[in-house]
Amino acid sequence: MYQLLLSNAPQSSQGAQSVVDAFMAMLGLSFLLSILLPILIFLFFLTILILLGVLTQSIAGKKGYNRFGFFWYGFFFFPIAVGVAILAPPKPREEYSRQSSAEQDKEELAKYAEMYEAGTLSWTQFCQKKEEILQREYRK
């Protein structure tokens, strides 16, 4: 048996080399499967979560709600967040409400000016009402 092993020694070293190569290839493949595959799966799910957050953000943003908050809400709690975003009533636009309140203030000031000109308000009362309107506009 010993002579048989010695006679096949050159062939045996080549066979051992191929076994080592096969082991190294298997080790490289296991590295890919144990390190690279979980990273790729994580990136895939992260991309999906980002897309779900963007979807929720766009639905809520069109209705006038905070886009940043709804992005994170959709990122972590997508089914609930989409339901909230879809069922939430649209907010009134701030430009319209600001313009309407400014128009209301102008109309109220014009009404007090007419009352002053008609003599139903004194100059002091007119100035007090005007000051109240200006303070209210300033606080907004």
# chains A, B, ... in the order shown; residues from 1 in each chain; ligands from 1
>>> select_by_dssp(residues="chain A", states="alpha helix (DSSP H)", output="MDAnalysis selection string")
chainID A and resid 2:7 9:31 37:62 67:76 78:87 94:118 123:139
>>> residues_around(residues="Leu51 (chain A)", least_positions_apart="3", cutoff="12 Å", atoms="only C-alpha atoms", output="VMD selection string")
chain A and resid 44 to 48 54 to 58 71 to 72 74 to 76 78
>>> write_last_selection(atoms="N, CA, C and O atoms", output="mmCIF file, in the first residue's frame")
data_model
loop_
_atom_site.group_PDB
_atom_site.id
_atom_site.type_symbol
_atom_site.label_atom_id
_atom_site.label_comp_id
_atom_site.auth_asym_id
_atom_site.auth_seq_id
_atom_site.Cartn_x
_atom_site.Cartn_y
_atom_site.Cartn_z
ATOM 1 N N PHE A 44 -32.674 45.613 -1.005
ATOM 2 C CA PHE A 44 -33.935 45.429 -1.720
ATOM 3 C C PHE A 44 -35.113 45.878 -0.852
ATOM 4 O O PHE A 44 -35.977 46.641 -1.292
ATOM 5 N N PHE A 45 -35.150 45.424 0.402
ATOM 6 C CA PHE A 45 -36.248 45.802 1.298
ATOM 7 C C PHE A 45 -36.203 47.291 1.652
ATOM 8 O O PHE A 45 -37.238 47.929 1.786
ATOM 9 N N LEU A 46 -35.008 47.856 1.770
ATOM 10 C CA LEU A 46 -34.885 49.283 2.035
ATOM 11 C C LEU A 46 -35.454 50.098 0.875
ATOM 12 O O LEU A 46 -36.164 51.078 1.078
ATOM 13 N N THR A 47 -35.182 49.663 -0.352
ATOM 14 C CA THR A 47 -35.729 50.331 -1.530
ATOM 15 C C THR A 47 -37.249 50.247 -1.545
ATOM 16 O O THR A 47 -37.927 51.238 -1.839
ATOM 17 N N ILE A 48 -37.787 49.106 -1.212
ATOM 18 C CA ILE A 48 -39.245 48.944 -1.166
ATOM 19 C C ILE A 48 -39.847 49.871 -0.114
ATOM 20 O O ILE A 48 -40.854 50.553 -0.364
ATOM 21 N N VAL A 54 -42.527 57.180 -0.064
ATOM 22 C CA VAL A 54 -42.748 58.225 -1.084
ATOM 23 C C VAL A 54 -44.194 58.204 -1.554
ATOM 24 O O VAL A 54 -44.800 59.261 -1.781
ATOM 25 N N LEU A 55 -44.772 57.030 -1.701
ATOM 26 C CA LEU A 55 -46.171 56.926 -2.106
ATOM 27 C C LEU A 55 -47.081 57.585 -1.063
ATOM 28 O O LEU A 55 -47.957 58.386 -1.412
ATOM 29 N N THR A 56 -46.873 57.274 0.196
ATOM 30 C CA THR A 56 -47.670 57.866 1.265
ATOM 31 C C THR A 56 -47.470 59.375 1.319
ATOM 32 O O THR A 56 -48.417 60.138 1.489
ATOM 33 N N GLN A 57 -46.233 59.802 1.146
ATOM 34 C CA GLN A 57 -45.908 61.226 1.169
ATOM 35 C C GLN A 57 -46.619 61.972 0.052
ATOM 36 O O GLN A 57 -47.157 63.057 0.264
ATOM 37 N N SER A 58 -46.658 61.399 -1.118
ATOM 38 C CA SER A 58 -47.286 62.094 -2.238
ATOM 39 C C SER A 58 -48.796 62.193 -2.063
ATOM 40 O O SER A 58 -49.402 63.210 -2.393
ATOM 41 N N PHE A 71 -43.862 60.772 5.068
ATOM 42 C CA PHE A 71 -42.866 59.855 4.495
ATOM 43 C C PHE A 71 -42.442 58.837 5.543
ATOM 44 O O PHE A 71 -42.430 57.636 5.294
ATOM 45 N N TRP A 72 -42.083 59.307 6.739
ATOM 46 C CA TRP A 72 -41.624 58.390 7.781
ATOM 47 C C TRP A 72 -42.755 57.528 8.311
ATOM 48 O O TRP A 72 -42.559 56.371 8.677
ATOM 49 N N GLY A 74 -45.252 56.439 6.497
ATOM 50 C CA GLY A 74 -45.416 55.400 5.482
ATOM 51 C C GLY A 74 -44.249 54.438 5.444
ATOM 52 O O GLY A 74 -44.397 53.265 5.104
ATOM 53 N N PHE A 75 -43.066 54.918 5.772
ATOM 54 C CA PHE A 75 -41.866 54.074 5.777
ATOM 55 C C PHE A 75 -41.987 52.988 6.840
ATOM 56 O O PHE A 75 -41.675 51.830 6.582
ATOM 57 N N PHE A 76 -42.461 53.355 8.026
ATOM 58 C CA PHE A 76 -42.526 52.394 9.110
ATOM 59 C C PHE A 76 -43.864 51.664 9.216
ATOM 60 O O PHE A 76 -43.900 50.504 9.583
ATOM 61 N N PHE A 78 -46.672 51.368 6.727
ATOM 62 C CA PHE A 78 -47.276 51.640 5.429
ATOM 63 C C PHE A 78 -48.777 51.410 5.357
ATOM 64 O O PHE A 78 -49.503 52.317 4.950
#
>>> residues_around(residues="region 83-94 of chain A", least_positions_apart="2", cutoff="12 Å", atoms="only C-alpha atoms", output="ChimeraX atom specification")
/A:53-67,69-71,73-74,77-81,96-102,140
>>> atom_distance(atom1="CA of Ala113 (chain A)", atom2="CA of Gln128 (chain A)")
11.9 Å
